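Source file coords.pdb; content: PDB, C-alpha atoms.
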```
MODEL        1
ATOM      1  CA  MET S 771      79.955 112.923 107.294
ATOM      2  CA  ALA S 772      79.477 110.775 110.385
ATOM      3  CA  ASP S 773      78.187 112.418 113.555
ATOM      4  CA  ILE S 774      80.492 112.718 116.536
ATOM      5  CA  ARG S 775      80.150 109.853 119.015
ATOM      6  CA  ILE S 776      81.074 109.116 122.594
ATOM      7  CA  ILE S 777      82.059 105.515 123.316
ATOM      8  CA  THR S 778      82.606 103.616 126.549
ATOM      9  CA  PRO S 779      83.395  99.910 126.925
ATOM     10  CA  SER S 780      80.816  97.475 128.195
ATOM     11  CA  PRO S 781      81.291  96.685 131.901
ATOM     12  CA  TRP S 782      83.830  93.953 132.594
ATOM     13  CA  ALA S 783      84.454  92.011 135.764
ATOM     14  CA  ASP S 784      88.060  93.043 136.444
ATOM     15  CA  TYR S 785      87.682  96.809 136.018
ATOM     16  CA  GLU S 786      85.531  99.472 137.668
ATOM     17  CA  LEU S 787      85.760 103.273 137.793
ATOM     18  CA  ILE S 788      84.413 103.768 141.285
ATOM     19  CA  ASP S 789      84.608 107.551 141.601
ATOM     20  CA  SER S 790      86.298 110.579 140.047
ATOM     21  CA  GLY S 791      86.822 114.203 140.986
ATOM     22  CA  ASN S 792      89.222 116.780 142.441
ATOM     23  CA  PHE S 793      91.693 115.828 139.690
ATOM     24  CA  GLN S 794      91.773 112.166 140.733
ATOM     25  CA  LYS S 795      90.151 108.850 139.901
ATOM     26  CA  LEU S 796      89.437 105.823 142.093
ATOM     27  CA  GLU S 797      89.551 102.562 140.123
ATOM     28  CA  ARG S 798      89.398  98.845 140.805
ATOM     29  CA  PHE S 799      91.705  96.635 138.767
ATOM     30  CA  GLY S 800      90.898  93.062 139.711
ATOM     31  CA  ALA S 801      91.444  92.634 143.444
ATOM     32  CA  TYR S 802      92.902  96.097 144.099
ATOM     33  CA  VAL S 803      91.605  99.657 144.235
ATOM     34  CA  LEU S 804      93.923 102.480 143.126
ATOM     35  CA  ALA S 805      93.737 106.255 143.562
ATOM     36  CA  ARG S 806      95.755 108.257 141.047
ATOM     37  CA  PRO S 807      95.791 111.669 139.334
ATOM     38  CA  GLU S 808      93.408 112.503 136.493
ATOM     39  CA  PRO S 809      93.759 116.045 135.084
ATOM     40  CA  GLN S 810      90.328 116.089 133.429
ATOM     41  CA  ALA S 811      88.345 115.198 136.574
ATOM     42  CA  ILE S 812      87.799 118.834 137.553
ATOM     43  CA  TRP S 813      84.474 118.243 139.368
ATOM     44  CA  ASP S 814      83.995 117.214 143.009
ATOM     45  CA  LYS S 815      84.327 113.645 144.239
ATOM     46  CA  SER S 816      81.087 111.867 145.097
ATOM     47  CA  LEU S 817      82.643 109.883 147.956
ATOM     48  CA  THR S 818      84.425 111.483 150.894
ATOM     49  CA  ASP S 819      88.199 111.572 151.245
ATOM     50  CA  THR S 820      87.789 109.108 154.117
ATOM     51  CA  ASP S 821      85.934 106.708 151.795
ATOM     52  CA  TRP S 822      88.768 106.937 149.257
ATOM     53  CA  GLU S 823      91.420 106.326 151.901
ATOM     54  CA  ARG S 824      89.503 103.355 153.303
ATOM     55  CA  ARG S 825      89.018 101.704 149.889
ATOM     56  CA  ALA S 826      92.365 102.343 148.200
ATOM     57  CA  HIS S 827      95.074  99.674 148.265
ATOM     58  CA  ALA S 828      97.488 102.074 146.517
ATOM     59  CA  VAL S 829      97.627 105.870 146.255
ATOM     60  CA  PHE S 830      99.886 107.694 143.792
ATOM     61  CA  ARG S 831     101.804 110.686 145.138
ATOM     62  CA  ARG S 832     103.406 113.120 142.683
ATOM     63  CA  ASP S 833     107.063 114.067 143.016
ATOM     64  CA  ARG S 834     107.213 117.817 143.688
ATOM     65  CA  GLN S 835     110.466 118.217 141.746
ATOM     66  CA  SER S 836     109.306 116.095 138.782
ATOM     67  CA  PRO S 837     105.483 116.255 138.495
ATOM     68  CA  GLU S 838     105.307 113.607 135.755
ATOM     69  CA  ARG S 839     106.747 111.069 138.182
ATOM     70  CA  GLY S 840     105.916 109.911 141.658
ATOM     71  CA  ASP S 841     105.596 106.916 143.910
ATOM     72  CA  TRP S 842     102.852 104.773 145.362
ATOM     73  CA  GLN S 843     101.752 104.429 148.965
ATOM     74  CA  THR S 844     100.525 100.837 149.223
ATOM     75  CA  ALA S 845      98.620  98.710 151.715
ATOM     76  CA  PRO S 846     100.657  95.926 153.360
ATOM     77  CA  ASP S 847      98.495  93.201 151.797
ATOM     78  CA  MET S 848      98.839  94.424 148.190
ATOM     79  CA  HIS S 849     100.791  92.319 145.696
ATOM     80  CA  ASP S 850     102.698  94.102 142.925
ATOM     81  CA  PRO S 851     102.589  92.965 140.138
ATOM     82  CA  TRP S 852      99.148  91.384 139.871
ATOM     83  CA  TYR S 853      96.894  90.106 137.075
ATOM     84  CA  VAL S 854      93.520  90.880 135.518
ATOM     85  CA  SER S 855      91.484  89.208 132.787
ATOM     86  CA  PHE S 856      89.290  90.475 129.967
ATOM     87  CA  GLN S 857      86.658  88.133 128.485
ATOM     88  CA  GLN S 858      84.165  89.576 126.005
ATOM     89  CA  GLY S 859      83.054  89.090 122.417
ATOM     90  CA  GLY S 860      85.339  86.192 121.577
ATOM     91  CA  LEU S 861      88.354  87.634 123.394
ATOM     92  CA  LYS S 862      89.981  85.962 126.375
ATOM     93  CA  LEU S 863      93.009  87.991 127.463
ATOM     94  CA  LYS S 864      95.142  88.225 130.591
ATOM     95  CA  PHE S 865      97.300  91.201 131.589
ATOM     96  CA  LYS S 866     100.059  91.722 134.122
ATOM     97  CA  LEU S 867      99.636  95.018 136.004
ATOM     98  CA  ALA S 868     102.292  96.863 137.995
ATOM     99  CA  LEU S 869     102.658 100.203 139.768
ATOM    100  CA  THR S 870     104.946 102.515 137.764
ATOM    101  CA  THR S 871     106.586 105.847 138.589
ATOM    102  CA  PHE S 872     104.509 107.466 135.802
ATOM    103  CA  LYS S 873     101.182 106.560 137.569
ATOM    104  CA  HIS S 874     100.304 104.002 134.851
ATOM    105  CA  VAL S 875      99.675 100.338 135.615
ATOM    106  CA  GLY S 876     100.091  98.739 132.163
ATOM    107  CA  LEU S 877      96.493  98.877 130.984
ATOM    108  CA  PHE S 878      94.127 101.518 129.568
ATOM    109  CA  PRO S 879      90.616 100.106 130.196
ATOM    110  CA  GLU S 880      88.915 102.640 127.887
ATOM    111  CA  GLN S 881      90.581 100.828 124.971
ATOM    112  CA  ALA S 882      88.495  97.688 125.486
ATOM    113  CA  ASP S 883      85.958  98.795 122.866
ATOM    114  CA  ASN S 884      88.783  99.118 120.338
ATOM    115  CA  TRP S 885      90.002  95.596 121.187
ATOM    116  CA  LEU S 886      86.584  94.233 120.262
ATOM    117  CA  TYR S 887      86.510  96.363 117.090
ATOM    118  CA  ILE S 888      89.915  94.963 116.063
ATOM    119  CA  HIS S 889      88.835  91.395 116.774
ATOM    120  CA  ASP S 890      85.629  91.769 114.759
ATOM    121  CA  LYS S 891      87.294  93.476 111.772
ATOM    122  CA  ILE S 892      90.055  90.891 111.530
ATOM    123  CA  LYS S 893      87.532  88.072 111.674
ATOM    124  CA  ALA S 894      85.586  89.738 108.843
ATOM    125  CA  ILE S 895      88.716  90.338 106.728
ATOM    126  CA  SER S 896      89.749  86.701 107.242
ATOM    127  CA  ALA S 897      86.907  85.702 104.912
ATOM    128  CA  ASN S 898      88.957  87.206 102.054
ATOM    129  CA  VAL S 899      92.524  87.190 103.392
ATOM    130  CA  ALA S 900      94.123  84.018 104.761
ATOM    131  CA  ARG S 901      96.114  85.823 107.472
ATOM    132  CA  PRO S 902      95.452  89.559 107.783
ATOM    133  CA  LYS S 903      98.443  91.737 108.667
ATOM    134  CA  PHE S 904      98.047  94.057 111.654
ATOM    135  CA  LEU S 905     100.364  96.869 112.778
ATOM    136  CA  ASN S 906     100.292  98.307 116.305
ATOM    137  CA  LEU S 907     102.278 101.556 116.660
ATOM    138  CA  PHE S 908     103.174 103.046 120.067
ATOM    139  CA  ALA S 909     101.947  99.648 121.160
ATOM    140  CA  TYR S 910     102.713  99.797 124.908
ATOM    141  CA  THR S 911     101.822  96.569 126.747
ATOM    142  CA  GLY S 912      99.906  95.154 123.819
ATOM    143  CA  GLY S 913      96.160  95.046 124.415
ATOM    144  CA  ALA S 914      95.448  95.713 120.729
ATOM    145  CA  SER S 915      98.192  93.302 119.650
ATOM    146  CA  LEU S 916      96.706  90.502 121.746
ATOM    147  CA  ALA S 917      93.198  91.152 120.395
ATOM    148  CA  ALA S 918      94.472  91.036 116.813
ATOM    149  CA  ARG S 919      96.561  87.924 117.382
ATOM    150  CA  GLN S 920      93.676  86.093 119.062
ATOM    151  CA  ALA S 921      91.537  86.903 116.012
ATOM    152  CA  GLY S 922      94.149  85.245 113.780
ATOM    153  CA  ALA S 923      96.172  88.188 112.456
ATOM    154  CA  ASP S 924      99.866  88.343 111.678
ATOM    155  CA  VAL S 925     100.811  91.025 114.240
ATOM    156  CA  THR S 926     103.693  93.523 114.266
ATOM    157  CA  HIS S 927     104.043  95.322 117.610
ATOM    158  CA  VAL S 928     106.192  98.501 117.612
ATOM    159  CA  ASP S 929     107.314 100.463 120.665
ATOM    160  CA  ALA S 930     110.486 102.435 121.351
ATOM    161  CA  VAL S 931     110.795 101.292 124.987
ATOM    162  CA  LYS S 932     112.395  97.867 125.388
ATOM    163  CA  PRO S 933     111.044  97.104 128.910
ATOM    164  CA  VAL S 934     107.519  97.779 127.626
ATOM    165  CA  ILE S 935     108.065  95.253 124.825
ATOM    166  CA  SER S 936     109.116  92.704 127.469
ATOM    167  CA  TRP S 937     105.931  93.482 129.408
ATOM    168  CA  ALA S 938     103.812  92.987 126.271
ATOM    169  CA  ARG S 939     105.550  89.664 125.634
ATOM    170  CA  GLU S 940     104.568  88.533 129.137
ATOM    171  CA  ASN S 941     100.952  89.483 128.403
ATOM    172  CA  MET S 942     101.115  87.392 125.217
ATOM    173  CA  ASP S 943     102.318  84.402 127.231
ATOM    174  CA  HIS S 944      99.683  84.890 129.959
ATOM    175  CA  SER S 945      97.007  85.074 127.237
ATOM    176  CA  GLU S 946      98.293  81.775 125.776
ATOM    177  CA  LEU S 947      99.196  83.381 122.445
ATOM    178  CA  ASP S 948     102.369  83.318 120.350
ATOM    179  CA  ASN S 949     104.198  84.545 117.237
ATOM    180  CA  ILE S 950     103.818  88.302 117.630
ATOM    181  CA  ARG S 951     106.626  90.198 115.885
ATOM    182  CA  TRP S 952     108.297  92.582 118.358
ATOM    183  CA  VAL S 953     110.013  95.735 117.068
ATOM    184  CA  VAL S 954     111.909  98.062 119.430
ATOM    185  CA  GLU S 955     112.081 101.232 117.357
ATOM    186  CA  ASP S 956     110.803 104.757 116.932
ATOM    187  CA  ALA S 957     107.398 104.479 115.241
ATOM    188  CA  VAL S 958     108.048 107.272 112.729
ATOM    189  CA  LYS S 959     111.286 105.668 111.525
ATOM    190  CA  PHE S 960     109.625 102.266 111.291
ATOM    191  CA  VAL S 961     106.684 103.382 109.162
ATOM    192  CA  ARG S 962     108.929 105.349 106.804
ATOM    193  CA  ARG S 963     111.048 102.277 106.249
ATOM    194  CA  GLU S 964     107.968 100.099 105.713
ATOM    195  CA  VAL S 965     106.693 102.546 103.091
ATOM    196  CA  ARG S 966     110.019 102.376 101.233
ATOM    197  CA  ARG S 967     109.832  98.579 101.323
ATOM    198  CA  GLY S 968     106.340  98.623  99.843
ATOM    199  CA  ASN S 969     104.778  96.739 102.752
ATOM    200  CA  ARG S 970     101.044  96.939 103.439
ATOM    201  CA  TYR S 971      98.798  96.106 106.395
ATOM    202  CA  ASN S 972      95.105  95.237 106.616
ATOM    203  CA  GLY S 973      94.774  96.916 109.994
ATOM    204  CA  ILE S 974      96.686  99.692 111.740
ATOM    205  CA  ILE S 975      96.244 101.214 115.178
ATOM    206  CA  LEU S 976      98.276 104.036 116.673
ATOM    207  CA  ASP S 977      98.082 105.595 120.106
ATOM    208  CA  PRO S 978     100.839 108.228 120.142
ATOM    209  CA  PRO S 979     101.807 110.122 123.306
ATOM    210  CA  ALA S 980     101.502 113.888 123.547
ATOM    211  CA  TYR S 981     105.268 114.076 123.947
ATOM    212  CA  GLY S 982     108.200 111.781 124.615
ATOM    213  CA  ARG S 983     111.647 110.582 123.601
ATOM    214  CA  GLY S 984     112.700 107.843 121.192
ATOM    215  CA  PRO S 985     115.381 105.204 121.924
ATOM    216  CA  ASP S 986     118.127 107.492 120.591
ATOM    217  CA  GLY S 987     116.833 110.622 122.300
ATOM    218  CA  GLU S 988     114.592 111.713 119.412
ATOM    219  CA  LYS S 989     112.071 114.297 120.579
ATOM    220  CA  TRP S 990     108.411 113.499 119.903
ATOM    221  CA  VAL S 991     105.839 116.307 119.987
ATOM    222  CA  LEU S 992     102.408 115.158 118.813
ATOM    223  CA  GLU S 993     101.398 118.335 116.978
ATOM    224  CA  GLU S 994     104.674 118.448 115.052
ATOM    225  CA  HIS S 995     104.715 114.847 113.805
ATOM    226  CA  LEU S 996     101.140 113.560 113.578
ATOM    227  CA  ASN S 997     100.301 114.867 110.099
ATOM    228  CA  ASP S 998     103.340 113.250 108.454
ATOM    229  CA  LEU S 999     102.860 110.026 110.430
ATOM    230  CA  LEU S1000      99.261 109.719 109.239
ATOM    231  CA  LYS S1001     100.375 110.206 105.619
ATOM    232  CA  SER S1002     102.840 107.329 105.990
ATOM    233  CA  CYS S1003     100.129 105.167 107.564
ATOM    234  CA  ALA S1004      97.843 105.911 104.604
ATOM    235  CA  ASP S1005     100.573 104.551 102.315
ATOM    236  CA  LEU S1006     100.841 101.392 104.448
ATOM    237  CA  LEU S1007      97.127 100.590 104.532
ATOM    238  CA  GLU S1008      95.808  97.986 102.085
ATOM    239  CA  ARG S1009      93.415  99.303  99.439
ATOM    240  CA  GLU S1010      90.875  96.535 100.099
ATOM    241  CA  ASP S1011      89.971  94.676 103.306
ATOM    242  CA  PHE S1012      91.283  97.234 105.782
ATOM    243  CA  PHE S1013      90.621  99.117 108.998
ATOM    244  CA  PHE S1014      92.352 101.946 110.824
ATOM    245  CA  ILE S1015      92.217 103.283 114.407
ATOM    246  CA  ILE S1016      93.868 106.259 116.044
ATOM    247  CA  ASN S1017      93.582 107.367 119.686
ATOM    248  CA  LEU S1018      94.894 110.630 121.121
ATOM    249  CA  TYR S1019      95.106 111.631 124.766
ATOM    250  CA  SER S1020      96.240 115.241 124.798
ATOM    251  CA  LEU S1021      94.338 118.037 126.529
ATOM    252  CA  GLY S1022      94.834 120.390 123.574
ATOM    253  CA  PHE S1023      93.633 117.985 120.888
ATOM    254  CA  SER S1024      89.932 118.017 120.017
ATOM    255  CA  SER S1025      88.067 115.416 117.972
ATOM    256  CA  LEU S1026      87.396 118.111 115.339
ATOM    257  CA  ILE S1027      91.131 118.562 114.768
ATOM    258  CA  LEU S1028      91.468 114.813 114.339
ATOM    259  CA  ASP S1029      88.484 114.684 111.969
ATOM    260  CA  ASN S1030      90.036 117.383 109.776
ATOM    261  CA  LEU S1031      93.364 115.559 109.672
ATOM    262  CA  MET S1032      91.841 112.209 108.824
ATOM    263  CA  ASN S1033      89.653 113.530 106.026
ATOM    264  CA  GLN S1034      92.532 115.430 104.460
ATOM    265  CA  VAL S1035      94.972 112.508 104.656
ATOM    266  CA  PHE S1036      92.680 109.616 103.744
ATOM    267  CA  GLY S1037      90.166 111.369 101.468
ATOM    268  CA  SER S1038      86.940 109.422 101.037
ATOM    269  CA  ILE S1039      86.676 107.422 104.274
ATOM    270  CA  PRO S1040      84.360 104.388 104.493
ATOM    271  CA  ASN S1041      82.291 103.782 107.630
ATOM    272  CA  PRO S1042      83.912 106.431 109.831
ATOM    273  CA  GLU S1043      83.404 106.594 113.588
ATOM    274  CA  TRP S1044      84.935 109.421 115.593
ATOM    275  CA  GLY S1045      84.576 111.271 118.857
ATOM    276  CA  GLU S1046      85.544 110.742 122.494
ATOM    277  CA  LEU S1047      86.327 107.720 124.625
ATOM    278  CA  PHE S1048      85.103 107.860 128.202
ATOM    279  CA  MET S1049      84.562 105.798 131.331
ATOM    280  CA  GLN S1050      81.561 106.360 133.598
ATOM    281  CA  ASP S1051      82.028 106.130 137.341
ATOM    282  CA  ASN S1052      79.538 104.635 139.768
ATOM    283  CA  TYR S1053      77.927 108.064 140.262
ATOM    284  CA  GLN S1054      77.199 108.601 136.532
ATOM    285  CA  LYS S1055      80.012 111.113 135.996
ATOM    286  CA  ARG S1056      81.540 110.593 132.555
ATOM    287  CA  LEU S1057      85.319 110.945 132.510
ATOM    288  CA  PRO S1058      86.778 111.785 129.048
ATOM    289  CA  LEU S1059      89.862 109.716 128.228
ATOM    290  CA  GLY S1060      90.905 110.840 124.782
ATOM    291  CA  VAL S1061      89.617 111.246 121.256
ATOM    292  CA  PHE S1062      89.468 108.537 118.603
ATOM    293  CA  TYR S1063      88.872 108.006 114.905
ATOM    294  CA  ARG S1064      88.347 104.644 113.252
ATOM    295  CA  PHE S1065      87.075 103.335 109.925
ATOM    296  CA  ALA S1066      86.872 100.081 108.016
ATOM    297  CA  SER S1067      86.211  98.836 104.506
TER     298      SER S1067
ENDMDL
END
```

Please express what this file holds, its structure, as structure tokens.
Amino acid sequence: MADIRIITPSPWADYELIDSGNFQKLERFGAYVLARPEPQAIWDKSLTDTDWERRAHAVFRRDRQSPERGDWQTAPDMHDPWYVSFQQGGLKLKFKLALTTFKHVGLFPEQADNWLYIHDKIKAISANVARPKFLNLFAYTGGASLAARQAGADVTHVDAVKPVISWARENMDHSELDNIRWVVEDAVKFVRREVRRGNRYNGIILDPPAYGRGPDGEKWVLEEHLNDLLKSCADLLEREDFFFIINLYSLGFSSLILDNLMNQVFGSIPNPEWGELFMQDNYQKRLPLGVFYRFAS
């Protein structure tokens, strides 16, 4: 059994976690610095509140009636949307960022290590498979899809939210890529149908939310659906030349729970890596940003 790991991406020019604490994080995305909530940053800030206010171009304020939503207080000189680039390890990607009412901006920087993993695995599989097939479930704005497509994969990108698919398509265009297959559908329904059709994929990544609603109002609760979803994914994964990644960001979900699930569903797992993703701020505080499990043939 592989030992638990903690993984953080290598530094990249257009992202920086400046500080964290008091249930907030201060981040730089390209030209702009943002302050927004972070429930796991329970320690004290290293900078003063005055420092945060002076540096931030945008500050997220929660709505008291609907805590999951809010709005942004922005500096007059801030442009929204704006763009950032990621260039590492053979990848050259460009993302549109925007301030949303859910505090997100269209990019999860802690996933950068997974983008490189995807790129490397697809390149390796391409030695045996002319055009590896890659499936991105709960695909959001498409960082993993872009990494796979740039590596030469045939990419299927699935998300239940149509505006998010449009956002991912823009990122594809800005990254000078093409021919990603876009599917606006509930991920659980999609994988069940793919299993019935007998389709297989060389690579699969899923990053399910803790809770949410599908396009037809279907209720998604992670703990209730994850086990069955993983079983369907096991049926979709090729038996040779394959890799698999799952990320979970839910305060009640430990990496040990995920390890148990993966071993029960997939059985003998080759080259497993599992543990926590984190970003380190400029004062050496390590901010946990979810658990992961990944393996490859």

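Coordinates place atom CA of S:Asp883 at a distance of 24.6 Å from atom CA of S:Arg1009.
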
So for stretch 777-780 of chain S, what box centre and size do we get, axis-aligned, 4 Å extra on each of the six sides, every listed atom, Å to one decimal, as lines of an AutoDock Vina configuration file?
```
center_x = 82.1
center_y = 101.5
center_z = 125.8
size_x = 10.6
size_y = 16.0
size_z = 12.9
```

Exercise for review: Might you spell out which residues the PyMOL selection byres ((chain S and resi 797) around 10) would select in the displayed file, as a VMD selection string?
Suggested key: chain S and resid 785 to 790 794 to 796 798 to 800 802 to 806 825 to 826 1051

Review point. What is the distance, in Å and to one decimal place, between atom CA of S:Leu886 and atom CA of S:Met1032?
Key: 21.9 Å

Translate the PyMOL selection byres ((chain S and resi 897-907) around 8) into a concrete residue list for this structure, as a PDB file with C-alpha atoms, keeping the file's coordinate frame.
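Produced file out_32.pdb, reproduced below:
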```
ATOM      1  CA  ILE S 892      90.055  90.891 111.530  1.00  0.00           C
ATOM      2  CA  LYS S 893      87.532  88.072 111.674  1.00  0.00           C
ATOM      3  CA  ALA S 894      85.586  89.738 108.843  1.00  0.00           C
ATOM      4  CA  ILE S 895      88.716  90.338 106.728  1.00  0.00           C
ATOM      5  CA  SER S 896      89.749  86.701 107.242  1.00  0.00           C
ATOM      6  CA  PHE S 908     103.174 103.046 120.067  1.00  0.00           C
ATOM      7  CA  ALA S 909     101.947  99.648 121.160  1.00  0.00           C
ATOM      8  CA  ALA S 914      95.448  95.713 120.729  1.00  0.00           C
ATOM      9  CA  SER S 915      98.192  93.302 119.650  1.00  0.00           C
ATOM     10  CA  ALA S 918      94.472  91.036 116.813  1.00  0.00           C
ATOM     11  CA  GLY S 922      94.149  85.245 113.780  1.00  0.00           C
ATOM     12  CA  ALA S 923      96.172  88.188 112.456  1.00  0.00           C
ATOM     13  CA  ASP S 924      99.866  88.343 111.678  1.00  0.00           C
ATOM     14  CA  VAL S 925     100.811  91.025 114.240  1.00  0.00           C
ATOM     15  CA  THR S 926     103.693  93.523 114.266  1.00  0.00           C
ATOM     16  CA  HIS S 927     104.043  95.322 117.610  1.00  0.00           C
ATOM     17  CA  VAL S 928     106.192  98.501 117.612  1.00  0.00           C
ATOM     18  CA  ASP S 929     107.314 100.463 120.665  1.00  0.00           C
ATOM     19  CA  ALA S 957     107.398 104.479 115.241  1.00  0.00           C
ATOM     20  CA  ARG S 970     101.044  96.939 103.439  1.00  0.00           C
ATOM     21  CA  TYR S 971      98.798  96.106 106.395  1.00  0.00           C
ATOM     22  CA  ASN S 972      95.105  95.237 106.616  1.00  0.00           C
ATOM     23  CA  GLY S 973      94.774  96.916 109.994  1.00  0.00           C
ATOM     24  CA  ILE S 974      96.686  99.692 111.740  1.00  0.00           C
ATOM     25  CA  ILE S 975      96.244 101.214 115.178  1.00  0.00           C
ATOM     26  CA  LEU S 976      98.276 104.036 116.673  1.00  0.00           C
ATOM     27  CA  ASP S 977      98.082 105.595 120.106  1.00  0.00           C
ATOM     28  CA  PRO S 978     100.839 108.228 120.142  1.00  0.00           C
ATOM     29  CA  ASP S1011      89.971  94.676 103.306  1.00  0.00           C
TER      30      ASP S1011
END
```
